[in-house]
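So this block is model24.tsv, TSV, C-alpha atoms:
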chain	number	residue	atom	x	y	z
A	12	MET	CA	-7.29	28.60	10.37
A	13	PHE	CA	-6.69	28.64	6.62
A	14	ILE	CA	-8.80	28.02	3.54
A	15	ILE	CA	-8.25	26.23	0.24
A	16	THR	CA	-10.48	27.93	-2.30
A	17	ASN	CA	-11.31	27.74	-6.02
A	18	ALA	CA	-10.79	23.95	-6.01
A	19	LYS	CA	-12.43	20.94	-7.67
A	20	ILE	CA	-13.06	19.09	-4.41
A	21	VAL	CA	-13.13	15.32	-4.94
A	22	MET	CA	-15.50	13.95	-2.32
A	23	PRO	CA	-16.57	10.29	-1.89
A	24	ASP	CA	-19.81	10.73	-3.86
A	25	ARG	CA	-19.27	13.82	-6.03
A	26	ILE	CA	-16.95	16.59	-7.18
A	27	LEU	CA	-17.73	20.04	-5.83
A	28	ASN	CA	-16.32	23.34	-7.06
A	29	GLY	CA	-15.65	25.34	-3.94
A	30	SER	CA	-13.61	25.79	-0.77
A	31	VAL	CA	-12.46	23.83	2.27
A	32	VAL	CA	-11.99	25.52	5.65
A	33	ILE	CA	-9.28	23.99	7.85
A	34	GLU	CA	-8.91	24.66	11.56
A	35	ASN	CA	-6.74	22.96	14.20
A	36	GLY	CA	-5.62	20.35	11.70
A	37	LYS	CA	-9.20	19.29	10.87
A	38	ILE	CA	-11.60	19.90	8.02
A	39	GLU	CA	-14.03	22.42	9.52
A	40	LYS	CA	-16.29	23.18	6.57
A	41	ILE	CA	-16.84	22.45	2.87
A	42	THR	CA	-18.66	25.05	0.80
A	43	SER	CA	-19.41	25.79	-2.84
A	44	ASP	CA	-18.45	29.42	-2.25
A	45	LYS	CA	-15.21	30.93	-3.47
A	46	ILE	CA	-13.65	32.64	-0.45
A	47	GLU	CA	-11.25	35.57	-0.41
A	48	GLY	CA	-9.13	36.95	2.42
A	49	ASP	CA	-6.06	36.09	4.47
A	50	ASN	CA	-4.58	32.61	4.93
A	51	ILE	CA	-5.93	31.50	1.59
A	52	ILE	CA	-4.52	28.90	-0.76
A	53	ASP	CA	-5.99	29.49	-4.21
A	54	ALA	CA	-6.14	26.11	-5.98
A	55	LYS	CA	-6.76	27.94	-9.27
A	56	GLY	CA	-9.31	25.40	-10.41
A	57	LYS	CA	-7.10	22.37	-9.73
A	58	PHE	CA	-8.27	19.17	-8.11
A	59	LEU	CA	-8.31	18.86	-4.33
A	60	LEU	CA	-8.10	15.20	-3.32
A	61	PRO	CA	-7.92	13.47	0.04
A	62	GLY	CA	-4.39	12.40	0.88
A	63	LEU	CA	-3.71	8.95	-0.54
A	64	ILE	CA	-3.70	5.94	1.81
A	65	ASP	CA	-1.18	3.30	0.77
A	66	ILE	CA	-1.59	-0.02	2.58
A	67	HIS	CA	1.19	-1.87	0.74
A	68	GLY	CA	4.35	-0.10	-0.38
A	69	ASP	CA	7.53	-2.08	-1.07
A	70	ASP	CA	9.89	0.85	-1.51
A	71	LEU	CA	11.47	1.25	1.94
A	72	GLU	CA	13.45	-1.97	1.73
A	73	LYS	CA	14.60	-0.91	-1.74
A	74	GLU	CA	15.52	2.56	-0.46
A	75	ILE	CA	17.72	0.91	2.14
A	76	SER	CA	19.23	-1.59	-0.31
A	77	PRO	CA	18.89	-0.20	-3.86
A	78	ARG	CA	21.37	-2.82	-5.08
A	79	PRO	CA	22.22	-6.27	-3.66
A	80	SER	CA	25.65	-5.09	-2.46
A	81	VAL	CA	24.53	-1.65	-1.21
A	82	ASN	CA	23.08	-0.76	2.20
A	83	PHE	CA	22.27	2.77	3.32
A	84	PRO	CA	21.64	3.75	6.96
A	85	MET	CA	17.98	3.19	7.81
A	86	ASP	CA	17.36	6.69	9.15
A	87	PHE	CA	18.84	8.20	5.98
A	88	ALA	CA	16.66	5.96	3.80
A	89	LEU	CA	13.45	6.56	5.76
A	90	ILE	CA	13.81	10.35	5.96
A	91	ASN	CA	14.44	10.67	2.23
A	92	LEU	CA	11.72	8.20	1.25
A	93	ASP	CA	9.29	10.14	3.47
A	94	ARG	CA	9.89	13.23	1.35
A	95	LYS	CA	9.38	11.32	-1.87
A	96	THR	CA	6.18	9.89	-0.41
A	97	ALA	CA	4.85	13.38	0.33
A	98	ALA	CA	5.62	14.42	-3.25
A	99	CYS	CA	3.53	11.47	-4.50
A	100	GLY	CA	0.53	12.65	-2.48
A	101	ILE	CA	0.58	9.72	-0.06
A	102	THR	CA	-0.22	11.00	3.43
A	103	THR	CA	-0.59	7.64	5.21
A	104	LYS	CA	1.95	5.01	4.21
A	105	LEU	CA	2.09	1.38	5.32
A	106	HIS	CA	5.57	0.12	4.54
A	107	ALA	CA	5.27	-3.55	3.61
A	108	ILE	CA	8.14	-5.10	5.55
A	109	ALA	CA	9.15	-8.74	5.19
A	110	TYR	CA	9.46	-10.91	8.26
A	111	PHE	CA	11.10	-13.82	6.45
A	112	GLU	CA	14.06	-15.95	7.28
A	113	ASP	CA	17.27	-14.66	5.69
A	114	GLU	CA	16.40	-16.13	2.33
A	115	LEU	CA	16.29	-13.14	0.02
A	116	LYS	CA	19.60	-11.37	0.61
A	117	GLY	CA	18.59	-8.49	2.85
A	118	ARG	CA	14.92	-9.22	3.58
A	119	HIS	CA	15.03	-10.85	6.99
A	120	PRO	CA	13.66	-10.36	10.53
A	121	ALA	CA	16.75	-8.68	11.99
A	122	LYS	CA	16.58	-5.93	9.37
A	123	SER	CA	12.79	-5.70	9.70
A	124	LYS	CA	12.99	-5.19	13.46
A	125	GLU	CA	15.59	-2.46	12.96
A	126	ILE	CA	13.31	-0.75	10.42
A	127	LEU	CA	10.46	-0.74	12.93
A	128	LYS	CA	12.73	0.61	15.66
A	129	THR	CA	13.96	3.41	13.38
A	130	LEU	CA	10.45	4.30	12.26
A	131	ASN	CA	9.20	4.54	15.86
A	132	ARG	CA	12.14	6.80	16.73
A	133	LEU	CA	11.58	9.16	13.78
A	134	ARG	CA	7.79	9.12	13.32
A	135	ASP	CA	7.10	12.52	14.87
A	136	LYS	CA	9.78	14.13	12.70
A	137	LEU	CA	8.52	12.80	9.38
A	138	LEU	CA	6.25	14.60	6.92
A	139	VAL	CA	3.61	11.90	6.43
A	140	ASN	CA	2.11	9.23	8.63
A	141	ASN	CA	4.50	6.26	8.32
A	142	LEU	CA	3.21	2.88	9.54
A	143	ILE	CA	3.95	-0.82	9.01
A	144	HIS	CA	2.32	-3.62	7.04
A	145	ALA	CA	4.01	-6.74	8.41
A	146	ARG	CA	4.38	-9.49	5.81
A	147	CYS	CA	4.42	-12.94	7.40
A	148	GLU	CA	5.85	-15.86	5.44
A	149	ILE	CA	4.29	-18.90	7.12
A	150	SER	CA	6.91	-21.21	5.59
A	151	SER	CA	9.59	-19.64	7.81
A	152	ASP	CA	10.36	-18.92	11.46
A	153	ILE	CA	7.53	-16.69	12.75
A	154	SER	CA	8.92	-15.82	16.20
A	155	ASP	CA	9.82	-12.27	15.16
A	156	ILE	CA	6.46	-11.39	13.66
A	157	LEU	CA	4.72	-12.63	16.80
A	158	GLN	CA	6.74	-10.01	18.70
A	159	VAL	CA	5.94	-7.06	16.42
A	160	ILE	CA	2.17	-7.61	16.13
A	161	ASP	CA	1.70	-5.67	19.38
A	162	ASP	CA	3.54	-2.59	18.11
A	163	PRO	CA	1.20	0.42	17.57
A	164	CYS	CA	2.87	1.13	14.22
A	165	VAL	CA	1.72	-2.22	12.80
A	166	LYS	CA	-1.65	-1.65	11.13
A	167	LEU	CA	-1.89	-4.68	8.82
A	168	ILE	CA	-0.65	-8.28	8.71
A	169	SER	CA	-0.50	-10.25	5.46
A	170	ILE	CA	-0.18	-14.02	5.29
A	171	MET	CA	2.11	-15.28	2.57
A	172	ASP	CA	3.24	-18.68	1.37
A	173	HIS	CA	5.84	-18.48	-1.36
A	174	THR	CA	6.50	-22.20	-1.65
A	175	PRO	CA	6.24	-23.43	-5.26
A	176	GLY	CA	3.15	-25.21	-6.51
A	177	GLN	CA	0.52	-22.62	-5.54
A	178	GLY	CA	-0.04	-18.89	-5.28
A	179	GLN	CA	2.32	-16.80	-7.38
A	180	PHE	CA	4.57	-19.71	-8.31
A	181	LYS	CA	2.73	-22.49	-10.11
A	182	ASN	CA	5.79	-24.74	-10.22
A	183	ILE	CA	9.36	-24.93	-9.00
A	184	GLU	CA	10.75	-23.76	-12.35
A	185	ASP	CA	8.79	-20.49	-12.08
A	186	TYR	CA	10.04	-20.05	-8.51
A	187	LYS	CA	13.67	-20.58	-9.49
A	188	ALA	CA	13.48	-18.32	-12.55
A	189	TYR	CA	11.97	-15.47	-10.53
A	190	HIS	CA	14.48	-15.66	-7.68
A	191	LYS	CA	17.43	-15.89	-10.05
A	192	LYS	CA	16.24	-12.83	-11.98
A	193	VAL	CA	15.00	-10.60	-9.13
A	194	TYR	CA	17.35	-11.54	-6.28
A	195	GLY	CA	20.34	-12.92	-8.19
A	196	LEU	CA	20.22	-16.23	-6.30
A	197	LYS	CA	22.14	-19.24	-7.50
A	198	GLU	CA	20.71	-22.73	-7.93
A	199	GLU	CA	22.27	-24.04	-4.72
A	200	GLU	CA	21.01	-21.03	-2.73
A	201	ILE	CA	17.46	-21.61	-3.96
A	202	GLU	CA	17.67	-25.29	-3.01
A	203	ARG	CA	18.73	-24.33	0.52
A	204	ILE	CA	15.77	-21.95	0.78
A	205	LEU	CA	13.34	-24.64	-0.33
A	206	ASN	CA	14.80	-27.16	2.09
A	207	ARG	CA	14.35	-24.70	4.98
A	208	LYS	CA	10.78	-24.02	3.93
A	209	ARG	CA	9.96	-27.73	4.06
A	210	GLU	CA	11.07	-27.86	7.70
A	211	HIS	CA	8.29	-25.54	8.91
A	212	ASP	CA	4.75	-26.50	9.92
A	213	LYS	CA	2.85	-23.93	7.89
A	214	MET	CA	-0.56	-24.64	9.42
A	215	SER	CA	0.78	-24.33	12.95
A	216	ASN	CA	2.50	-21.06	12.06
A	217	LEU	CA	-0.67	-19.74	10.43
A	218	ARG	CA	-2.79	-20.48	13.50
A	219	LYS	CA	-0.32	-18.79	15.86
A	220	VAL	CA	-0.15	-15.60	13.79
A	221	LEU	CA	-3.90	-15.40	13.26
A	222	ASP	CA	-4.63	-16.01	16.93
A	223	LYS	CA	-2.43	-13.14	18.05
A	224	ALA	CA	-3.55	-10.78	15.28
A	225	HIS	CA	-7.22	-11.41	16.08
A	226	LYS	CA	-6.60	-10.76	19.78
A	227	THR	CA	-4.84	-7.50	18.92
A	228	GLY	CA	-7.54	-6.46	16.46
A	229	ILE	CA	-5.17	-5.93	13.53
A	230	PRO	CA	-6.69	-6.50	10.05
A	231	ILE	CA	-5.29	-9.51	8.20
A	232	ALA	CA	-4.83	-10.04	4.47
A	233	SER	CA	-4.23	-13.18	2.47
A	234	HIS	CA	-1.73	-12.79	-0.34
A	235	ASP	CA	-1.57	-14.06	-3.93
A	236	ASP	CA	-4.81	-16.08	-3.69
A	237	ASP	CA	-5.01	-18.32	-6.74
A	238	THR	CA	-8.11	-20.52	-6.21
A	239	ASP	CA	-11.61	-20.14	-4.84
A	240	LYS	CA	-10.87	-22.92	-2.33
A	241	LYS	CA	-7.92	-21.00	-0.90
A	242	VAL	CA	-10.05	-17.85	-0.59
A	243	GLU	CA	-12.80	-19.81	1.17
A	244	PHE	CA	-10.23	-21.30	3.55
A	245	PHE	CA	-8.71	-17.95	4.50
A	246	HIS	CA	-12.11	-16.33	4.86
A	247	SER	CA	-13.17	-19.12	7.23
A	248	LEU	CA	-10.23	-18.15	9.44
A	249	GLY	CA	-11.46	-14.57	9.80
A	250	ILE	CA	-9.27	-12.99	7.12
A	251	GLU	CA	-11.08	-10.02	5.58
A	252	ILE	CA	-8.70	-8.78	2.84
A	253	SER	CA	-7.61	-10.60	-0.32
A	254	GLU	CA	-4.38	-8.95	-1.46
A	255	PHE	CA	-3.24	-9.34	-5.08
A	256	PRO	CA	-5.47	-12.28	-6.13
A	257	VAL	CA	-3.70	-13.86	-9.08
A	258	THR	CA	-6.79	-15.27	-10.85
A	259	LEU	CA	-10.23	-13.99	-11.72
A	260	GLU	CA	-11.67	-17.08	-10.04
A	261	ALA	CA	-10.08	-16.16	-6.70
A	262	ALA	CA	-11.13	-12.51	-6.95
A	263	LYS	CA	-14.74	-13.45	-7.72
A	264	LYS	CA	-14.88	-15.74	-4.69
A	265	ALA	CA	-13.42	-13.02	-2.47
A	266	LYS	CA	-16.08	-10.57	-3.66
A	267	GLU	CA	-18.81	-13.17	-3.14
A	268	LEU	CA	-17.67	-13.65	0.46
A	269	GLY	CA	-17.56	-9.90	1.13
A	270	MET	CA	-13.78	-9.65	1.41
A	271	ILE	CA	-11.91	-6.44	0.58
A	272	ILE	CA	-9.88	-6.92	-2.61
A	273	SER	CA	-6.61	-5.03	-2.94
A	274	MET	CA	-4.53	-4.82	-6.11
A	275	GLY	CA	-1.56	-2.80	-7.33
A	276	ALA	CA	-1.88	0.65	-8.88
A	277	PRO	CA	1.11	-0.09	-11.17
A	278	ASN	CA	-0.98	-2.93	-12.63
A	279	VAL	CA	-3.56	-0.32	-13.67
A	280	VAL	CA	-0.98	2.11	-15.06
A	281	ARG	CA	0.81	-0.57	-17.08
A	282	GLY	CA	-2.41	-2.33	-18.09
A	283	ARG	CA	-1.15	-5.70	-16.86
A	284	SER	CA	0.53	-7.55	-14.03
A	285	SER	CA	4.34	-7.56	-13.96
A	286	THR	CA	4.28	-11.34	-13.39
A	287	GLY	CA	1.51	-12.27	-15.82
A	288	ASN	CA	-1.18	-12.63	-13.16
A	289	LEU	CA	-4.66	-11.08	-13.07
A	290	SER	CA	-4.95	-7.69	-14.75
A	291	ALA	CA	-6.29	-5.05	-12.37
A	292	ILE	CA	-8.16	-3.43	-15.28
A	293	GLU	CA	-9.87	-6.75	-16.01
A	294	ALA	CA	-10.75	-7.17	-12.34
A	295	ILE	CA	-12.15	-3.62	-12.18
A	296	LYS	CA	-14.32	-4.32	-15.22
A	297	HIS	CA	-15.85	-7.14	-13.16
A	298	ASN	CA	-16.26	-4.81	-10.12
A	299	LEU	CA	-13.71	-6.87	-8.18
A	300	VAL	CA	-11.32	-4.22	-6.83
A	301	ASP	CA	-11.87	-2.17	-3.66
A	302	VAL	CA	-8.35	-0.88	-2.97
A	303	LEU	CA	-5.33	0.09	-5.05
A	304	CYS	CA	-1.92	0.28	-3.37
A	305	SER	CA	1.48	1.46	-4.57
A	306	ASP	CA	3.12	-2.01	-4.50
A	307	TYR	CA	6.47	-1.19	-6.17
A	308	SER	CA	5.63	2.29	-7.55
A	309	ALA	CA	4.40	5.09	-5.28
A	310	GLU	CA	3.94	7.36	-8.31
A	311	ALA	CA	1.27	5.02	-9.73
A	312	MET	CA	-1.12	5.65	-6.82
A	313	LEU	CA	-2.16	9.08	-8.10
A	314	TYR	CA	-2.11	8.24	-11.81
A	315	ALA	CA	-4.28	5.11	-11.60
A	316	PRO	CA	-7.59	6.86	-10.72
A	317	PHE	CA	-7.22	9.28	-13.63
A	318	ILE	CA	-6.59	6.36	-15.99
A	319	LEU	CA	-9.75	4.63	-14.75
A	320	GLU	CA	-11.73	7.81	-15.35
A	321	ARG	CA	-10.21	8.26	-18.81
A	322	LYS	CA	-11.12	4.68	-19.72
A	323	LYS	CA	-14.67	5.40	-18.48
A	324	LEU	CA	-14.47	2.50	-16.04
A	325	MET	CA	-15.29	4.75	-13.07
A	326	THR	CA	-16.09	8.33	-12.26
A	327	LEU	CA	-13.11	10.18	-10.82
A	328	ASN	CA	-14.54	10.29	-7.30
A	329	GLU	CA	-15.22	6.53	-7.41
A	330	ALA	CA	-11.68	5.87	-8.63
A	331	VAL	CA	-10.15	8.15	-5.98
A	332	ASN	CA	-11.99	6.14	-3.30
A	333	LEU	CA	-9.82	3.16	-4.31
A	334	VAL	CA	-6.70	5.00	-3.13
A	335	SER	CA	-8.15	6.94	-0.19
A	336	LEU	CA	-11.41	6.08	1.58
A	337	ASN	CA	-11.47	2.35	0.84
A	338	PRO	CA	-7.92	1.61	2.04
A	339	ALA	CA	-8.60	3.74	5.13
A	340	ARG	CA	-11.63	1.53	5.82
A	341	ALA	CA	-9.61	-1.62	5.24
A	342	ILE	CA	-7.26	-0.75	8.10
A	343	GLY	CA	-9.89	0.83	10.35
A	344	MET	CA	-8.73	4.44	9.96
A	345	ASP	CA	-11.66	5.86	7.99
A	346	ASP	CA	-12.99	7.82	10.97
A	347	GLU	CA	-9.78	9.89	10.83
A	348	VAL	CA	-8.59	10.01	7.22
A	349	GLY	CA	-9.38	8.94	3.67
A	350	SER	CA	-11.94	11.47	2.49
A	351	ILE	CA	-12.73	15.17	2.42
A	352	GLU	CA	-15.45	15.41	5.05
A	353	PRO	CA	-16.01	17.74	8.04
A	354	GLY	CA	-14.36	16.50	11.21
A	355	LYS	CA	-11.69	14.46	9.50
A	356	GLN	CA	-7.99	15.16	9.64
A	357	ALA	CA	-6.94	17.70	7.02
A	358	ASP	CA	-4.77	15.37	4.91
A	359	LEU	CA	-5.20	16.78	1.42
A	360	ILE	CA	-3.42	17.12	-1.91
A	361	ILE	CA	-3.78	19.68	-4.69
A	362	VAL	CA	-3.29	18.08	-8.09
A	363	ASP	CA	-2.38	19.68	-11.42
A	364	LYS	CA	-1.50	17.97	-14.71
A	365	ILE	CA	1.51	17.93	-17.01
A	366	ASP	CA	0.54	16.58	-20.44
A	367	GLU	CA	-2.44	14.84	-18.80
A	368	ILE	CA	-0.21	13.23	-16.16
A	369	PRO	CA	-1.44	14.20	-12.67
A	370	VAL	CA	1.18	15.70	-10.37
A	371	VAL	CA	0.97	16.91	-6.79
A	372	THR	CA	1.53	20.62	-6.27
A	373	LYS	CA	0.75	20.68	-2.53
A	374	THR	CA	0.55	18.02	0.14
A	375	ILE	CA	-1.13	18.92	3.42
A	376	VAL	CA	-0.85	16.65	6.46
A	377	ASN	CA	-2.79	17.37	9.63
A	378	GLY	CA	-3.53	20.87	8.36
A	379	LYS	CA	0.11	21.73	7.53
A	380	VAL	CA	1.64	22.13	4.08
A	381	VAL	CA	4.53	19.65	3.98
A	382	TYR	CA	5.26	19.74	0.25
A	383	SER	CA	4.78	22.45	-2.38
A	384	LEU	CA	5.69	22.71	-6.06
A	385	GLU	CA	4.61	24.99	-8.88
A	386	VAL	CA	4.17	23.31	-12.27
A	387	ARG	CA	6.02	25.04	-15.09
A	388	LYS	CA	3.56	26.03	-17.80
Can the structure from this file be put into structure tokens for me?
Amino acid sequence: MFIITNAKIVMPDRILNGSVVIENGKIEKITSDKIEGDNIIDAKGKFLLPGLIDIHGDDLEKEISPRPSVNFPMDFALINLDRKTAACGITTKLHAIAYFEDELKGRHPAKSKEILKTLNRLRDKLLVNNLIHARCEISSDISDILQVIDDPCVKLISIMDHTPGQGQFKNIEDYKAYHKKVYGLKEEEIERILNRKREHDKMSNLRKVLDKAHKTGIPIASHDDDTDKKVEFFHSLGIEISEFPVTLEAAKKAKELGMIISMGAPNVVRGRSSTGNLSAIEAIKHNLVDVLCSDYSAEAMLYAPFILERKKLMTLNEAVNLVSLNPARAIGMDDEVGSIEPGKQADLIIVDKIDEIPVVTKTIVNGKVVYSLEVRK
């Protein structure tokens, strides 16, 4: 048993000054008392938050291939990213892995299957809980994603369609400009990708993936919803999460239908979308965001709630729910993690500030300190 005392405990509905008693990896008791004795961690008045739950992080693929011509061994990349993840306060991480055809120079099913194999082999040796969010491009061969849906590490499936004319890419010119800039593709390579996409029966692929995911009980997200009609269509198929809606219209329809709306924490930190789509701040002002994920910046997960509090858009405990309890609910793990409550797994972070920027000083996973840092004053 050990105790974290003298902490500002951020709970789902309030902030309590007090102590948390941890025993056998679980939260045993929460009290307003300051406790002294052995096996004590004195938070010294800092914030104690639940460990962050990230249901969409793009950084593992980038850790493996930081440049188009560079590939690191997957075990090397995963082990080192795991340590960075702990330092960011993320205690449950869903790596968003692309099950596409080999269209984006390194993002393809063969690599994705090897990532899953490596993660399964190393999971018990890693600091945080590493899981998979399998991204399914329905305009490609889906045979590989149908195989991985059964894997216990896969906790979320997202349905994507990156063909031009809808979603993120309003027209073919936008599609080409993005892929030239981000992936360094040439005109002829992009044309080959588009020709392959046209060969696939997207509706048939969609039905096959949804059928297996529903049978397995894995939550499913739509991705880059741009119209209310598209949201209605996906909702009618039993999809419960709208991930990164690109218009206010789509987000409003998702909320009306009771879907969980997930957006990127970097969008909050920057104050705008990196691709000119819906601002997360604007969506939050309309009460249209339930979950914030790391997307392309794990560091943004912790900062975003403090920005929302500073802007007086939410109380801190409400904002922290966006990166902890709500994402845990979205993937059906809220009985285990996501909030500071008795009986839950002791996944916790102690947070200090440097020039008003929140930083993690301790990360605790399953009742064990896996990361510790003292802030220089």
Inset, instruction - Would you be able to write out as a VMD selection string which residues have an atom within 6 Å of (-11.0, 19.4, -3.5) in the file's coordinates, counting all atoms listed in the file? - result: chain A and resid 18 to 21 58 to 60
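Look at Asn298 in chain A: the protein and nucleic acid residues within 10 Å of it, using all atoms listed in the file and passing over chain neighbours fewer than 4 places away, are Ala262, Lys263, Lys266, Ile292, Glu293, Ala294 and Leu324 of chain A.
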Restrict the selected residues to C-alpha atoms and save them as a PDB file, in the coordinates of the input.
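Written file, part03.pdb:
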ATOM      1  CA  ALA A 262     -11.130 -12.510  -6.950  1.00  0.00           C
ATOM      2  CA  LYS A 263     -14.740 -13.450  -7.720  1.00  0.00           C
ATOM      3  CA  LYS A 266     -16.080 -10.570  -3.660  1.00  0.00           C
ATOM      4  CA  ILE A 292      -8.160  -3.430 -15.280  1.00  0.00           C
ATOM      5  CA  GLU A 293      -9.870  -6.750 -16.010  1.00  0.00           C
ATOM      6  CA  ALA A 294     -10.750  -7.170 -12.340  1.00  0.00           C
ATOM      7  CA  LEU A 324     -14.470   2.500 -16.040  1.00  0.00           C
TER       8      LEU A 324
END
Please list as an mmCIF file with C-alpha atoms, in the coordinates of the input every residue within 12 Å of Ile126 in chain A, counting all atoms listed in the file and excluding residues in the same chain fewer than 3 positions away.
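Wrote it out as selection.cif, contents follow:
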data_model
loop_
_atom_site.group_PDB
_atom_site.id
_atom_site.type_symbol
_atom_site.label_atom_id
_atom_site.label_comp_id
_atom_site.auth_asym_id
_atom_site.auth_seq_id
_atom_site.Cartn_x
_atom_site.Cartn_y
_atom_site.Cartn_z
ATOM 1 C CA LEU A 71 11.470 1.250 1.940
ATOM 2 C CA GLU A 72 13.450 -1.970 1.730
ATOM 3 C CA GLU A 74 15.520 2.560 -0.460
ATOM 4 C CA ILE A 75 17.720 0.910 2.140
ATOM 5 C CA PHE A 83 22.270 2.770 3.320
ATOM 6 C CA PRO A 84 21.640 3.750 6.960
ATOM 7 C CA MET A 85 17.980 3.190 7.810
ATOM 8 C CA ASP A 86 17.360 6.690 9.150
ATOM 9 C CA PHE A 87 18.840 8.200 5.980
ATOM 10 C CA ALA A 88 16.660 5.960 3.800
ATOM 11 C CA LEU A 89 13.450 6.560 5.760
ATOM 12 C CA ILE A 90 13.810 10.350 5.960
ATOM 13 C CA HIS A 106 5.570 0.120 4.540
ATOM 14 C CA ALA A 107 5.270 -3.550 3.610
ATOM 15 C CA ILE A 108 8.140 -5.100 5.550
ATOM 16 C CA ALA A 109 9.150 -8.740 5.190
ATOM 17 C CA TYR A 110 9.460 -10.910 8.260
ATOM 18 C CA ARG A 118 14.920 -9.220 3.580
ATOM 19 C CA HIS A 119 15.030 -10.850 6.990
ATOM 20 C CA PRO A 120 13.660 -10.360 10.530
ATOM 21 C CA ALA A 121 16.750 -8.680 11.990
ATOM 22 C CA LYS A 122 16.580 -5.930 9.370
ATOM 23 C CA SER A 123 12.790 -5.700 9.700
ATOM 24 C CA THR A 129 13.960 3.410 13.380
ATOM 25 C CA LEU A 130 10.450 4.300 12.260
ATOM 26 C CA ASN A 131 9.200 4.540 15.860
ATOM 27 C CA ARG A 132 12.140 6.800 16.730
ATOM 28 C CA LEU A 133 11.580 9.160 13.780
ATOM 29 C CA ARG A 134 7.790 9.120 13.320
ATOM 30 C CA ASN A 141 4.500 6.260 8.320
ATOM 31 C CA LEU A 142 3.210 2.880 9.540
ATOM 32 C CA ILE A 143 3.950 -0.820 9.010
ATOM 33 C CA HIS A 144 2.320 -3.620 7.040
ATOM 34 C CA ALA A 145 4.010 -6.740 8.410
ATOM 35 C CA VAL A 159 5.940 -7.060 16.420
ATOM 36 C CA CYS A 164 2.870 1.130 14.220
ATOM 37 C CA VAL A 165 1.720 -2.220 12.800
#
Inset, instruction - Select, from A:Ala224, A:Ala309, A:Ile295, A:Ala98, the residue with the minimum atom-to-atom distance to Asp69 in chain A, counting all atoms listed in the file. - result: A:Ala309
Inset, instruction - Determine, counting all atoms listed in the file, which protein, DNA and RNA residues have an atom within 7 Å of an atom of range 241-253 of chain A; residues of the same chain fewer than 4 positions away are not included. Present the result as a ChimeraX atom specification. - result: /A:231-234,236,261,264-265,270-273
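Restricting the calculation to only C-alpha atoms, the smallest distance between Met344 in chain A and any of A:Pro277, A:Pro23, A:Pro256, A:Pro230 is found for A:Pro230.
If only C-alpha atoms are the atoms counted, then among A:Leu259, A:Lys73, A:Phe13, A:Asn35 the closest residue to Asp49 in chain A is A:Phe13.
Compared by their closest atoms to Gln356 in chain A, and using only C-alpha atoms, the residues A:Ile156, A:Leu137, A:Leu336, A:Val376 rank with A:Val376 nearest.
For the atom pair formed by CA of Val334 in chain A and CA of Ile351 in chain A, the distance is 13.1 Å, given to one decimal.
Among A:Ile168, A:Leu217, A:Ile38, A:Met325, the residue with the shortest atom-to-atom distance to Ser151 in chain A, counting all atoms listed in the file, is A:Leu217.
For the residues A:Ile342, A:Met214, A:Ile26, A:Ile51, ranking by smallest atom-to-atom distance to Thr103 in chain A using only C-alpha atoms places A:Ile342 first.
Separating CA of Leu127 in chain A from CA of Ile149 in chain A is a distance of 20.0 Å.
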Inset, instruction - In the coordinates of the file, take the point (0.8, -5.9, 19.2) and a cut-off of 9 Å; then, counting all atoms listed in the file, name each qualifying protein, DNA or RNA residue as a PyMOL selection string. - result: chain A and resi 157-165+223-224+226-229
Legend entry - d(CA of Ser30 in chain A, CA of Glu47 in chain A) in Å: 10.1 Å
